file protein.cif (mmCIF, C-alpha atoms (C1' of nucleotides))
data_structure
loop_
_atom_site.label_atom_id
_atom_site.label_comp_id
_atom_site.auth_asym_id
_atom_site.auth_seq_id
_atom_site.Cartn_x
_atom_site.Cartn_y
_atom_site.Cartn_z
CA MET C 633 0.00 0.00 0.00
CA SER C 634 3.00 2.21 0.66
CA VAL C 635 1.48 4.67 3.09
CA THR C 636 3.85 7.57 3.07
CA ALA C 637 3.55 8.80 6.64
CA THR C 638 2.78 6.57 9.57
CA GLU C 639 -0.85 6.73 10.66
CA SER C 640 -2.36 6.88 14.07
CA SER C 641 -3.46 3.51 15.35
CA THR C 642 -7.07 4.59 15.08
CA ARG C 643 -6.77 5.44 11.46
CA GLU C 644 -4.84 2.31 10.78
CA ARG C 645 -7.61 0.19 12.24
CA THR C 646 -10.27 1.99 10.26
CA ARG C 647 -8.28 1.68 7.08
CA ARG C 648 -7.90 -2.03 7.59
CA ALA C 649 -11.58 -2.47 8.38
CA ILE C 650 -12.48 -0.75 5.15
CA LEU C 651 -10.03 -2.85 3.19
CA LEU C 652 -11.31 -6.12 4.57
CA ALA C 653 -14.91 -5.11 4.09
CA ALA C 654 -14.10 -4.11 0.53
CA ILE C 655 -12.66 -7.52 -0.18
CA ALA C 656 -15.60 -9.36 1.31
CA THR C 657 -18.12 -7.18 -0.47
CA LEU C 658 -16.48 -6.98 -3.86
CA ILE C 659 -15.81 -10.68 -3.96
CA ALA C 660 -19.47 -11.42 -3.58
CA LYS C 661 -20.52 -8.62 -5.92
CA PRO C 662 -17.84 -7.08 -8.12
CA ASN C 663 -19.94 -4.10 -9.12
CA ALA C 664 -21.02 -3.26 -5.63
CA SER C 665 -21.21 0.47 -5.04
CA LEU C 666 -18.96 2.26 -2.61
CA GLY C 667 -21.99 2.81 -0.44
CA GLU C 668 -22.37 -0.92 -0.03
CA VAL C 669 -18.72 -1.27 0.82
CA ALA C 670 -19.03 1.48 3.40
CA ASP C 671 -22.04 -0.23 4.92
CA ALA C 672 -20.17 -3.50 5.15
CA ALA C 673 -17.28 -1.72 6.83
CA GLU C 674 -19.72 0.03 9.14
CA VAL C 675 -18.42 3.45 8.30
CA ALA C 676 -20.01 6.39 6.54
CA ARG C 677 -19.43 6.71 2.84
CA SER C 678 -17.68 10.00 3.48
CA THR C 679 -15.26 8.24 5.76
CA LEU C 680 -14.46 5.69 3.12
CA HIS C 681 -13.79 8.52 0.73
CA ARG C 682 -11.48 10.11 3.25
CA TYR C 683 -9.27 7.04 3.20
CA TYR C 684 -9.62 6.16 -0.44
CA PRO C 685 -10.50 9.24 -2.45
CA SER C 686 -11.66 7.32 -5.47
CA ARG C 687 -12.85 3.89 -6.37
CA ALA C 688 -9.67 3.40 -8.33
CA ALA C 689 -7.64 4.14 -5.22
CA LEU C 690 -9.56 1.54 -3.28
CA ILE C 691 -9.08 -1.04 -5.99
CA ALA C 692 -5.38 -0.26 -6.14
CA ALA C 693 -5.07 -0.69 -2.39
CA LEU C 694 -6.95 -3.94 -2.66
CA ASN C 695 -4.61 -5.24 -5.31
CA ALA C 696 -1.59 -4.20 -3.33
CA PHE C 697 -2.98 -5.90 -0.25
CA VAL C 698 -3.69 -9.13 -2.05
CA ASP C 699 -0.32 -9.07 -3.76
CA ALA C 700 1.38 -8.75 -0.41
CA GLU C 701 -0.64 -11.61 1.03
CA TYR C 702 0.21 -13.66 -2.00
CA GLU C 703 3.91 -13.07 -1.67
CA ALA C 704 3.75 -13.92 2.00
CA ALA C 705 1.95 -17.17 1.21
CA VAL C 706 4.51 -18.11 -1.38
CA LYS C 707 7.29 -17.42 1.06
CA ARG C 708 5.65 -19.49 3.80
CA SER C 709 5.43 -22.44 1.44
CA ARG C 710 9.25 -22.68 1.29
CA PRO C 711 9.37 -23.00 -2.47
CA ASP C 712 12.98 -24.15 -2.52
CA THR C 713 12.52 -27.13 -0.24
CA GLY C 714 11.90 -30.71 -1.34
CA SER C 715 10.74 -32.00 -4.70
CA GLY C 716 8.85 -29.79 -7.10
CA LEU C 717 5.58 -31.50 -6.38
CA GLU C 718 6.04 -31.19 -2.65
CA ALA C 719 6.71 -27.49 -2.90
CA TYR C 720 3.73 -27.11 -5.20
CA GLU C 721 1.53 -28.93 -2.71
CA ARG C 722 2.64 -26.72 0.15
CA LEU C 723 1.99 -23.66 -1.95
CA CYS C 724 -1.51 -24.79 -2.83
CA ALA C 725 -2.23 -25.48 0.81
CA GLU C 726 -1.12 -22.00 1.80
CA LEU C 727 -3.22 -20.40 -0.90
CA LEU C 728 -6.25 -22.46 0.03
CA ASP C 729 -6.08 -21.19 3.56
CA ALA C 730 -6.44 -17.67 2.32
CA HIS C 731 -8.57 -18.37 -0.69
CA GLN C 732 -11.24 -15.91 0.23
CA ILE C 733 -8.63 -13.25 -0.29
CA PHE C 734 -7.17 -14.52 -3.50
CA TYR C 735 -10.58 -15.08 -4.90
CA TRP C 736 -10.61 -11.35 -5.34
CA TRP C 737 -7.76 -11.57 -7.74
CA THR C 738 -9.57 -14.01 -9.97
CA GLN C 739 -12.44 -11.60 -10.13
CA SER C 740 -10.51 -8.43 -10.67
CA VAL C 741 -8.87 -9.75 -13.78
CA HIS C 742 -12.14 -9.38 -15.60
CA LEU C 743 -12.94 -5.94 -14.34
CA GLU C 744 -9.91 -4.09 -15.49
CA GLU C 745 -8.91 -4.58 -19.06
CA ASP C 746 -5.29 -3.66 -18.80
CA ARG C 747 -4.66 -6.21 -16.10
CA LYS C 748 -2.91 -9.21 -17.55
CA PRO C 749 -2.13 -12.37 -15.68
CA GLU C 750 1.51 -12.47 -14.83
CA TYR C 751 3.37 -15.63 -14.10
CA ASP C 752 5.22 -15.71 -10.82
CA PRO C 753 8.87 -16.56 -11.45
CA THR C 754 9.09 -18.39 -8.14
CA VAL C 755 6.12 -20.58 -8.90
CA GLN C 756 7.35 -21.20 -12.41
CA ALA C 757 10.69 -22.29 -11.00
CA VAL C 758 8.99 -24.72 -8.65
CA LEU C 759 6.99 -26.24 -11.46
CA ARG C 760 9.95 -26.56 -13.77
CA ARG C 761 11.97 -28.15 -11.01
CA GLY C 762 9.17 -30.64 -10.54
CA GLN C 763 9.17 -31.47 -14.22
CA GLU C 764 12.91 -32.03 -14.14
CA ASP C 765 12.87 -34.22 -11.03
CA GLY C 766 10.00 -36.21 -12.49
CA THR C 767 7.36 -35.40 -9.88
CA ILE C 768 5.32 -33.07 -12.05
CA ASP C 769 3.63 -33.88 -15.33
CA ARG C 770 5.88 -32.89 -18.20
CA ARG C 771 3.02 -32.80 -20.67
CA LEU C 772 1.47 -29.76 -19.01
CA ASP C 773 2.88 -26.32 -19.54
CA PRO C 774 4.04 -24.69 -16.28
CA GLU C 775 2.16 -21.56 -17.26
CA TRP C 776 -0.96 -23.61 -17.69
CA LEU C 777 -0.46 -25.21 -14.31
CA GLU C 778 -0.03 -21.89 -12.59
CA MET C 779 -3.16 -20.53 -14.21
CA SER C 780 -5.06 -23.62 -13.11
CA ILE C 781 -4.50 -22.93 -9.46
CA TRP C 782 -6.78 -19.92 -9.19
CA PRO C 783 -9.94 -21.43 -10.61
CA SER C 784 -9.63 -24.31 -8.18
CA LEU C 785 -9.47 -21.92 -5.27
CA LEU C 786 -12.51 -20.21 -6.68
CA THR C 787 -14.35 -23.49 -6.97
CA ALA C 788 -13.41 -24.43 -3.44
CA TYR C 789 -14.83 -21.17 -2.19
CA GLN C 790 -18.06 -21.52 -4.10
CA TYR C 791 -18.36 -25.17 -3.17
CA ALA C 792 -18.01 -24.40 0.50
CA VAL C 793 -20.68 -21.74 0.22
CA THR C 794 -23.08 -23.61 -2.01
CA SER C 795 -22.96 -27.21 -0.98
CA HIS C 796 -23.83 -28.60 2.38
CA ARG C 797 -20.30 -29.82 2.90
CA SER C 798 -17.99 -28.42 5.52
CA ARG C 799 -15.23 -25.98 4.74
CA HIS C 800 -12.75 -28.66 5.67
CA GLU C 801 -14.12 -31.11 3.14
CA ALA C 802 -13.95 -28.46 0.44
CA ARG C 803 -10.35 -27.79 1.31
CA GLU C 804 -9.45 -31.47 1.14
CA MET C 805 -11.04 -31.95 -2.22
CA ALA C 806 -9.48 -28.85 -3.66
CA LEU C 807 -6.04 -29.88 -2.51
CA ARG C 808 -6.49 -33.40 -3.83
CA THR C 809 -7.66 -32.01 -7.15
CA LEU C 810 -4.74 -29.63 -7.48
CA ILE C 811 -2.26 -32.41 -6.81
CA LYS C 812 -3.92 -34.71 -9.28
CA ILE C 813 -3.66 -32.04 -11.92
CA ALA C 814 0.04 -31.48 -11.50
CA ALA C 815 1.37 -34.87 -10.50
CA ALA C 816 3.29 -36.84 -13.09
CA MET L 314 -35.82 -17.00 -25.29
CA SER L 315 -39.37 -18.12 -26.04
CA VAL L 316 -40.22 -15.72 -28.85
CA THR L 317 -43.96 -15.71 -28.95
CA ALA L 318 -44.63 -15.02 -32.59
CA THR L 319 -42.34 -16.03 -35.44
CA GLU L 320 -40.18 -13.20 -36.67
CA SER L 321 -39.23 -12.12 -40.13
CA SER L 322 -35.92 -13.50 -41.28
CA THR L 323 -34.42 -10.05 -41.16
CA ARG L 324 -35.37 -9.53 -37.57
CA GLU L 325 -34.22 -12.97 -36.67
CA ARG L 326 -30.79 -12.32 -38.09
CA THR L 327 -30.50 -9.02 -36.27
CA ARG L 328 -31.63 -10.55 -33.01
CA ARG L 329 -29.01 -13.26 -33.30
CA ALA L 330 -26.30 -10.76 -34.20
CA ILE L 331 -27.11 -8.78 -31.09
CA LEU L 332 -27.11 -11.87 -28.94
CA LEU L 333 -23.75 -13.08 -30.19
CA ALA L 334 -22.23 -9.64 -29.88
CA ALA L 335 -23.57 -9.41 -26.36
CA ILE L 336 -21.89 -12.64 -25.43
CA ALA L 337 -18.57 -11.66 -26.92
CA THR L 338 -18.66 -8.22 -25.34
CA LEU L 339 -19.92 -9.13 -21.91
CA ILE L 340 -17.51 -12.02 -21.60
CA ALA L 341 -14.60 -9.71 -22.06
CA LYS L 342 -16.10 -6.99 -19.92
CA PRO L 343 -19.03 -7.91 -17.71
CA ASN L 344 -19.98 -4.33 -16.95
CA ALA L 345 -19.87 -3.18 -20.52
CA SER L 346 -22.59 -0.68 -21.33
CA LEU L 347 -25.38 -1.39 -23.76
CA GLY L 348 -23.79 1.12 -26.06
CA GLU L 349 -20.70 -1.01 -26.29
CA VAL L 350 -22.78 -4.08 -26.98
CA ALA L 351 -24.64 -2.23 -29.71
CA ASP L 352 -21.35 -1.12 -31.23
CA ALA L 353 -20.07 -4.67 -31.23
CA ALA L 354 -23.26 -5.83 -32.89
CA GLU L 355 -22.95 -2.99 -35.38
CA VAL L 356 -26.43 -1.73 -34.68
CA ALA L 357 -27.68 1.48 -33.15
CA ARG L 358 -28.39 1.46 -29.46
CA SER L 359 -32.01 2.22 -30.21
CA THR L 360 -32.20 -0.92 -32.30
CA LEU L 361 -30.82 -3.00 -29.50
CA HIS L 362 -33.46 -1.54 -27.24
CA ARG L 363 -36.14 -2.46 -29.73
CA TYR L 364 -35.18 -6.11 -29.44
CA TYR L 365 -34.34 -6.15 -25.77
CA PRO L 366 -36.19 -3.38 -23.97
CA SER L 367 -34.03 -3.52 -20.89
CA ARG L 368 -30.65 -4.75 -19.85
CA ALA L 369 -32.34 -7.39 -17.75
CA ALA L 370 -34.16 -8.66 -20.81
CA LEU L 371 -30.89 -8.99 -22.68
CA ILE L 372 -29.28 -10.84 -19.83
CA ALA L 373 -32.25 -13.15 -19.59
CA ALA L 374 -32.05 -13.90 -23.29
CA LEU L 375 -28.36 -14.54 -22.91
CA ASN L 376 -28.88 -16.99 -20.12
CA ALA L 377 -31.59 -18.77 -22.04
CA PHE L 378 -29.35 -18.98 -25.08
CA VAL L 379 -26.43 -20.38 -23.14
CA ASP L 380 -28.67 -22.83 -21.33
CA ALA L 381 -29.96 -24.12 -24.64
CA GLU L 382 -26.44 -24.48 -26.00
CA TYR L 383 -25.46 -26.28 -22.87
CA GLU L 384 -28.27 -28.76 -23.13
CA ALA L 385 -27.44 -29.38 -26.75
CA ALA L 386 -23.82 -30.03 -25.87
CA VAL L 387 -24.77 -32.47 -23.16
CA LYS L 388 -27.03 -34.28 -25.58
CA ARG L 389 -24.36 -34.47 -28.25
CA SER L 390 -21.99 -36.07 -25.79
CA ARG L 391 -24.24 -39.15 -25.53
CA PRO L 392 -24.15 -39.27 -21.75
CA ASP L 393 -25.57 -42.78 -21.57
CA THR L 394 -22.95 -44.43 -23.72
CA GLY L 395 -19.82 -46.19 -22.49
CA SER L 396 -18.15 -45.95 -19.12
CA GLY L 397 -18.70 -43.00 -16.85
CA LEU L 398 -15.27 -41.60 -17.58
CA GLU L 399 -15.72 -41.94 -21.32
CA ALA L 400 -19.00 -40.08 -21.20
CA TYR L 401 -17.43 -37.44 -18.99
CA GLU L 402 -14.58 -37.02 -21.45
CA ARG L 403 -16.93 -36.60 -24.38
CA LEU L 404 -18.91 -34.05 -22.42
CA CYS L 405 -15.81 -32.04 -21.58
CA ALA L 406 -14.76 -32.11 -25.21
CA GLU L 407 -18.12 -30.79 -26.31
CA LEU L 408 -18.05 -28.02 -23.75
CA LEU L 409 -14.51 -27.07 -24.66
CA ASP L 410 -15.54 -26.56 -28.25
CA ALA L 411 -18.04 -23.95 -27.16
CA HIS L 412 -16.18 -22.63 -24.18
CA GLN L 413 -16.38 -19.02 -25.26
CA ILE L 414 -20.11 -19.33 -24.79
CA PHE L 415 -20.11 -21.09 -21.47
CA TYR L 416 -17.52 -18.77 -20.17
CA TRP L 417 -20.36 -16.32 -19.94
CA TRP L 418 -22.07 -18.52 -17.45
CA THR L 419 -19.09 -18.56 -15.16
CA GLN L 420 -19.08 -14.81 -15.22
CA SER L 421 -22.76 -14.22 -14.79
CA VAL L 422 -22.88 -16.14 -11.56
CA HIS L 423 -21.11 -13.28 -9.88
CA LEU L 424 -23.21 -10.54 -11.37
CA GLU L 425 -26.60 -11.63 -10.19
CA GLU L 426 -26.93 -12.51 -6.58
CA ASP L 427 -29.91 -14.79 -6.76
CA ARG L 428 -28.29 -17.05 -9.31
CA LYS L 429 -27.12 -20.23 -7.68
CA PRO L 430 -25.18 -22.97 -9.37
CA GLU L 431 -27.41 -25.90 -10.08
CA TYR L 432 -26.20 -29.38 -10.63
CA ASP L 433 -27.23 -31.03 -13.86
CA PRO L 434 -28.94 -34.35 -13.12
CA THR L 435 -27.62 -35.84 -16.33
CA VAL L 436 -24.04 -34.92 -15.53
CA GLN L 437 -24.42 -36.10 -11.97
CA ALA L 438 -25.71 -39.44 -13.26
CA VAL L 439 -22.69 -39.78 -15.54
CA LEU L 440 -20.30 -39.08 -12.70
CA ARG L 441 -22.00 -41.45 -10.31
CA ARG L 442 -22.03 -44.16 -12.96
CA GLY L 443 -18.31 -43.61 -13.38
CA GLN L 444 -17.74 -43.98 -9.67
CA GLU L 445 -19.69 -47.20 -9.65
CA ASP L 446 -17.94 -48.74 -12.63
CA GLY L 447 -14.59 -47.73 -11.15
CA THR L 448 -13.46 -45.30 -13.88
CA ILE L 449 -14.01 -42.14 -11.86
CA ASP L 450 -12.37 -41.22 -8.58
CA ARG L 451 -14.63 -42.18 -5.70
CA ARG L 452 -12.92 -39.81 -3.31
CA LEU L 453 -14.21 -36.76 -5.14
CA ASP L 454 -17.79 -35.63 -4.74
CA PRO L 455 -19.71 -35.61 -8.04
CA GLU L 456 -20.93 -32.12 -7.25
CA TRP L 457 -17.36 -31.02 -6.80
CA LEU L 458 -16.38 -32.60 -10.10
CA GLU L 459 -19.18 -30.89 -11.95
CA MET L 460 -18.24 -27.54 -10.47
CA SER L 461 -14.63 -28.09 -11.45
CA ILE L 462 -15.44 -28.26 -15.13
CA TRP L 463 -16.26 -24.59 -15.57
CA PRO L 464 -13.09 -23.09 -14.15
CA SER L 465 -11.05 -25.25 -16.47
CA LEU L 466 -12.96 -23.97 -19.45
CA LEU L 467 -12.35 -20.48 -18.18
CA THR L 468 -8.67 -21.14 -17.81
CA ALA L 469 -8.48 -22.62 -21.28
CA TYR L 470 -10.06 -19.51 -22.70
CA GLN L 471 -7.76 -17.16 -20.85
CA TYR L 472 -4.76 -19.30 -21.62
CA ALA L 473 -5.50 -19.24 -25.32
CA VAL L 474 -5.84 -15.48 -25.23
CA THR L 475 -2.91 -14.72 -22.98
CA SER L 476 -0.20 -17.15 -23.84
CA HIS L 477 1.49 -17.54 -27.14
CA ARG L 478 0.13 -21.05 -27.52
CA SER L 479 -2.37 -22.04 -30.15
CA ARG L 480 -6.00 -22.59 -29.41
CA HIS L 481 -5.49 -26.25 -30.17
CA GLU L 482 -2.79 -26.62 -27.56
CA ALA L 483 -4.97 -24.94 -24.99
CA ARG L 484 -7.78 -27.34 -25.80
CA GLU L 485 -5.53 -30.36 -25.44
CA MET L 486 -4.19 -29.27 -22.10
CA ALA L 487 -7.62 -28.44 -20.75
CA LEU L 488 -8.98 -31.80 -21.78
CA ARG L 489 -6.02 -33.63 -20.32
CA THR L 490 -6.41 -31.70 -17.10
CA LEU L 491 -10.11 -32.42 -16.80
CA ILE L 492 -9.55 -36.13 -17.30
CA LYS L 493 -6.76 -36.22 -14.76
CA ILE L 494 -9.04 -34.59 -12.23
CA ALA L 495 -11.83 -37.09 -12.62
CA ALA L 496 -10.05 -40.33 -13.43
CA ALA L 497 -9.83 -42.93 -10.71
"C1'" DC E 1433 -11.77 17.90 31.59
"C1'" DG E 1434 -10.41 20.36 27.65
"C1'" DT E 1435 -8.23 19.73 23.21
"C1'" DT E 1436 -7.46 17.31 19.11
"C1'" DT E 1437 -8.59 13.78 16.04
"C1'" DT E 1438 -11.86 11.20 13.70
"C1'" DT E 1439 -16.32 10.10 12.23
"C1'" DG E 1440 -21.22 10.78 10.89
"C1'" DG E 1441 -24.35 12.24 7.71
"C1'" DG E 1442 -26.40 15.36 4.81
"C1'" DA E 1443 -26.31 18.72 0.59
"C1'" DC E 1444 -24.69 19.25 -3.72
"C1'" DA E 1445 -22.55 18.91 -8.49
"C1'" DT E 1446 -21.29 15.81 -12.04
"C1'" DG E 1447 -21.11 12.19 -15.27
"C1'" DA E 1448 -22.47 7.84 -17.07
"C1'" DA E 1449 -25.85 4.40 -18.21
"C1'" DT E 1450 -30.48 3.50 -18.95
"C1'" DG E 1451 -34.88 3.78 -21.01
"C1'" DT E 1452 -38.28 6.36 -24.12
"C1'" DA E 1453 -39.76 8.69 -28.19
"C1'" DC E 1454 -39.72 10.24 -32.85
"C1'" DG E 1455 -38.64 11.79 -37.46
"C1'" DA E 1456 -35.41 10.76 -41.23
"C1'" DT E 1457 -33.38 7.31 -43.98
"C1'" DC E 1458 -32.14 3.00 -45.90
"C1'" DG E 1459 -33.19 -1.30 -48.33
"C1'" DC E 1460 -35.94 -4.94 -49.67
"C1'" DT E 1461 -40.10 -6.60 -52.11
"C1'" DC E 1462 -43.86 -6.49 -55.04
"C1'" DG Q 204 -40.63 3.16 -58.25
"C1'" DA Q 205 -43.99 2.95 -54.62
"C1'" DG Q 206 -44.80 0.91 -50.21
"C1'" DC Q 207 -43.31 -1.00 -46.11
"C1'" DG Q 208 -40.47 -2.93 -42.68
"C1'" DA Q 209 -36.36 -2.04 -40.29
"C1'" DT Q 210 -32.72 0.84 -38.87
"C1'" DC Q 211 -30.40 5.05 -37.73
"C1'" DG Q 212 -29.36 8.92 -35.06
"C1'" DT Q 213 -30.65 12.18 -32.05
"C1'" DA Q 214 -32.94 14.38 -28.19
"C1'" DC Q 215 -34.64 13.96 -23.73
"C1'" DA Q 216 -35.93 12.44 -18.86
"C1'" DT Q 217 -34.44 9.68 -15.17
"C1'" DT Q 218 -31.84 7.20 -12.20
"C1'" DC Q 219 -27.62 5.90 -9.87
"C1'" DA Q 220 -22.74 5.92 -8.53
"C1'" DT Q 221 -19.19 8.98 -7.77
"C1'" DG Q 222 -16.75 12.62 -5.78
"C1'" DT Q 223 -16.58 17.09 -2.96
"C1'" DC Q 224 -17.70 20.04 1.00
"C1'" DC Q 225 -18.92 21.13 5.38
"C1'" DC Q 226 -20.34 21.17 10.13
"C1'" DA Q 227 -21.89 18.95 14.16
"C1'" DA Q 228 -21.26 14.97 17.08
"C1'" DA Q 229 -18.47 11.42 18.93
"C1'" DA Q 230 -14.26 9.40 20.36
"C1'" DA Q 231 -9.47 9.32 21.56
"C1'" DC Q 232 -5.90 11.47 24.00
"C1'" DG Q 233 -3.04 14.09 27.14
#
call {"tool": "encode", "arguments": {"input": "protein.cif", "output": "structure tokens"}}
result
Amino acid sequence: MSVTATESSTRERTRRAILLAAIATLIAKPNASLGEVADAAEVARSTLHRYYPSRAALIAALNAFVDAEYEAAVKRSRPDTGSGLEAYERLCAELLDAHQIFYWWTQSVHLEEDRKPEYDPTVQAVLRRGQEDGTIDRRLDPEWLEMSIWPSLLTAYQYAVTSHRSRHEAREMALRTLIKIAAA
Amino acid sequence: MSVTATESSTRERTRRAILLAAIATLIAKPNASLGEVADAAEVARSTLHRYYPSRAALIAALNAFVDAEYEAAVKRSRPDTGSGLEAYERLCAELLDAHQIFYWWTQSVHLEEDRKPEYDPTVQAVLRRGQEDGTIDRRLDPEWLEMSIWPSLLTAYQYAVTSHRSRHEAREMALRTLIKIAAA
DNA sequence: CGTTTTTGGGACATGAATGTACGATCGCTC
DNA sequence: GAGCGATCGTACATTCATGTCCCAAAAACG
């Protein structure tokens, strides 16, 4: 987000509340109005505007926030440890645990036209390593595999919401699916 | 769509042109304005309004159109023939060939709140048959498997657009992925 | 408790998308 | 080439989201 000056703790809390509410709201309804976001955050619309002067600013903050979470998740998965498939599995597990956040990313791609999916060099390295050490399917393009991760998270989220199954079951199936896709 | 009276061939052609343009436009940009849709269809906005009085009417027609295409695709795949996995594979192949249409469906789910994913009884029957005859993974819920189809189509579409690969390669990888997911 | 910070909530201007209406024009058919 | 169906393009009213301003109330802070 790169806040220039440090904020008071009060402001920081409010800012975070708005951000989280924005994620929750915009995930469920990408064209939700700022008024709806403000309601979800339990602040006045004018307050929201004070923190994020424009919708674009809010979206930018959202993207920055998600990017940061993503990088943290990748780091936690220790991408350099073990076989390619093992690292891939750990990464998927990390992402699944925060899928409600990353779900936003999947959505936002379709809202802004300039936004193009970028391939994460770290993830690409993991997948290529897996193909070399024989644990990951060589017939599938690493770029394809990376792209395939997001929709599965999305499905897991929807499945947990829609079906009568528990969140845990959804997580298990998503993880199993992701491994089946990539495994040699 | 349920057009009450039969239309002149001219009107029919125009109506179809609008519908197809709407799909193409709204897939790429779900919040595109009706003006943009009209431009894509190469008709005046007033003409579009003559055929579909409101945005809601256009969306409804779109959904009906896609539903019909979907049913046709399912039928073409001969869901009652062969093993469960074979039928599933044929179905996926059919859907892949029209993925730019069904991609709309994936999008529209997030635009309307009331719209809930329904499970197709025919597809569910295919998947359950596959689990019984041992060709489809018993550990994965049929509902989960059905939900997993759409994101893969979506990925295939994006992959074909984004990457430098050919449409054919994208199709092959998507099909391979879908089979890997479901196979026992 | 007094001061400062932060929020609430309303008023307002603006712009974009939507929906309606209508006369002019094009193109096909008889 | 006259008639008729269909389209075009424009003008207009309306609604909604956005963004700006401002002041009073509430909360945090020393």
call {"tool": "interface_residues", "arguments": {"input": "protein.cif", "of": "chain E", "to": "chain C", "cutoff": "10 Å", "atoms": "all atoms listed in the file", "output": "number ranges by chain"}}
result
E: 1437-1441
call {"tool": "closest_atom_pairs", "arguments": {"input": "protein.cif", "of": "chain Q", "to": "chain C", "cutoff": "10 Å", "atoms": "all atoms listed in the file", "output": "Markdown table"}}
result
| residue | atom | partner | partner_atom | distance |
| --- | --- | --- | --- | --- |
| Q:DC219 | C1' | C:Ser665 | CA | 9.7 |
| Q:DA220 | C1' | C:Ser665 | CA | 6.7 |
| Q:DT221 | C1' | C:Ser686 | CA | 8.0 |
| Q:DG222 | C1' | C:Ser686 | CA | 7.4 |
| Q:DT223 | C1' | C:Ser678 | CA | 9.6 |
| Q:DA231 | C1' | C:Thr642 | CA | 8.4 |
call {"tool": "calpha_fit_rmsd", "arguments": {"input": "protein.cif", "fixed": "chain C", "moving": "chain L"}}
result
0.1 Å
call {"tool": "residues_around", "arguments": {"input": "protein.cif", "residues": "Ser780 in chain C", "least_positions_apart": "6", "cutoff": "10 Å", "atoms": "only C-alpha atoms (C1' of nucleotides)", "output": "list in words"}}
result
Pro774, Leu810, Ile813 and Ala814 of chain C; Pro464, Ser465, Leu467, Thr468, Ala469, Tyr472, Ala487 and Thr490 of chain L
call {"tool": "write_last_selection", "arguments": {"input": "protein.cif", "atoms": "C-alpha atoms", "output": "PDB file, keeping the file's coordinate frame"}}
result
ATOM      1  CA  PRO C 774       4.040 -24.690 -16.280  1.00  0.00           C
ATOM      2  CA  LEU C 810      -4.740 -29.630  -7.480  1.00  0.00           C
ATOM      3  CA  ILE C 813      -3.660 -32.040 -11.920  1.00  0.00           C
ATOM      4  CA  ALA C 814       0.040 -31.480 -11.500  1.00  0.00           C
TER       5      ALA C 814
ATOM      6  CA  PRO L 464     -13.090 -23.090 -14.150  1.00  0.00           C
ATOM      7  CA  SER L 465     -11.050 -25.250 -16.470  1.00  0.00           C
ATOM      8  CA  LEU L 467     -12.350 -20.480 -18.180  1.00  0.00           C
ATOM      9  CA  THR L 468      -8.670 -21.140 -17.810  1.00  0.00           C
ATOM     10  CA  ALA L 469      -8.480 -22.620 -21.280  1.00  0.00           C
ATOM     11  CA  TYR L 472      -4.760 -19.300 -21.620  1.00  0.00           C
ATOM     12  CA  ALA L 487      -7.620 -28.440 -20.750  1.00  0.00           C
ATOM     13  CA  THR L 490      -6.410 -31.700 -17.100  1.00  0.00           C
TER      14      THR L 490
END
call {"tool": "resolve_selection", "arguments": {"input": "protein.cif", "expression": "the PyMOL selection byres ((chain Q and resi 215) around 10)", "output": "list in words"}}
result
DT1452 and DA1453 of chain E; DT213, DA214, DA216 and DT217 of chain Q
call {"tool": "interface_residues", "arguments": {"input": "protein.cif", "of": "chain L", "to": "chain C", "cutoff": "10 Å", "atoms": "only C-alpha atoms", "output": "JSON, numbers by chain"}}
result
{"L": [340, 341, 342, 343, 344, 345, 420, 422, 423, 424, 425, 426, 429, 430, 431, 452, 453, 454, 456, 457, 458, 460, 461, 462, 463, 464, 465, 466, 467, 468, 469, 471, 472, 473, 475, 476, 478, 482, 483, 485, 486, 487, 489, 490, 491, 492, 493, 494, 495, 496]}
call {"tool": "closest_residue", "arguments": {"input": "protein.cif", "among": "L:Leu404, L:Ala438, L:Ala334, L:Ile372", "to": "Arg389 in chain L", "atoms": "only C-alpha atoms"}}
result
L:Leu404
call {"tool": "atom_distance", "arguments": {"input": "protein.cif", "atom1": "CA of Tyr364 in chain L", "atom2": "CA of Glu384 in chain L"}}
result
24.5 Å
call {"tool": "residues_near_point", "arguments": {"input": "protein.cif", "point": "(8.1, -22.0, -13.1)", "cutoff": "12 Å", "atoms": "all atoms listed in the file", "output": "MDAnalysis selection string"}}
result
chainID C and resid 711:712 716:717 719:720 750:764 768 772:779
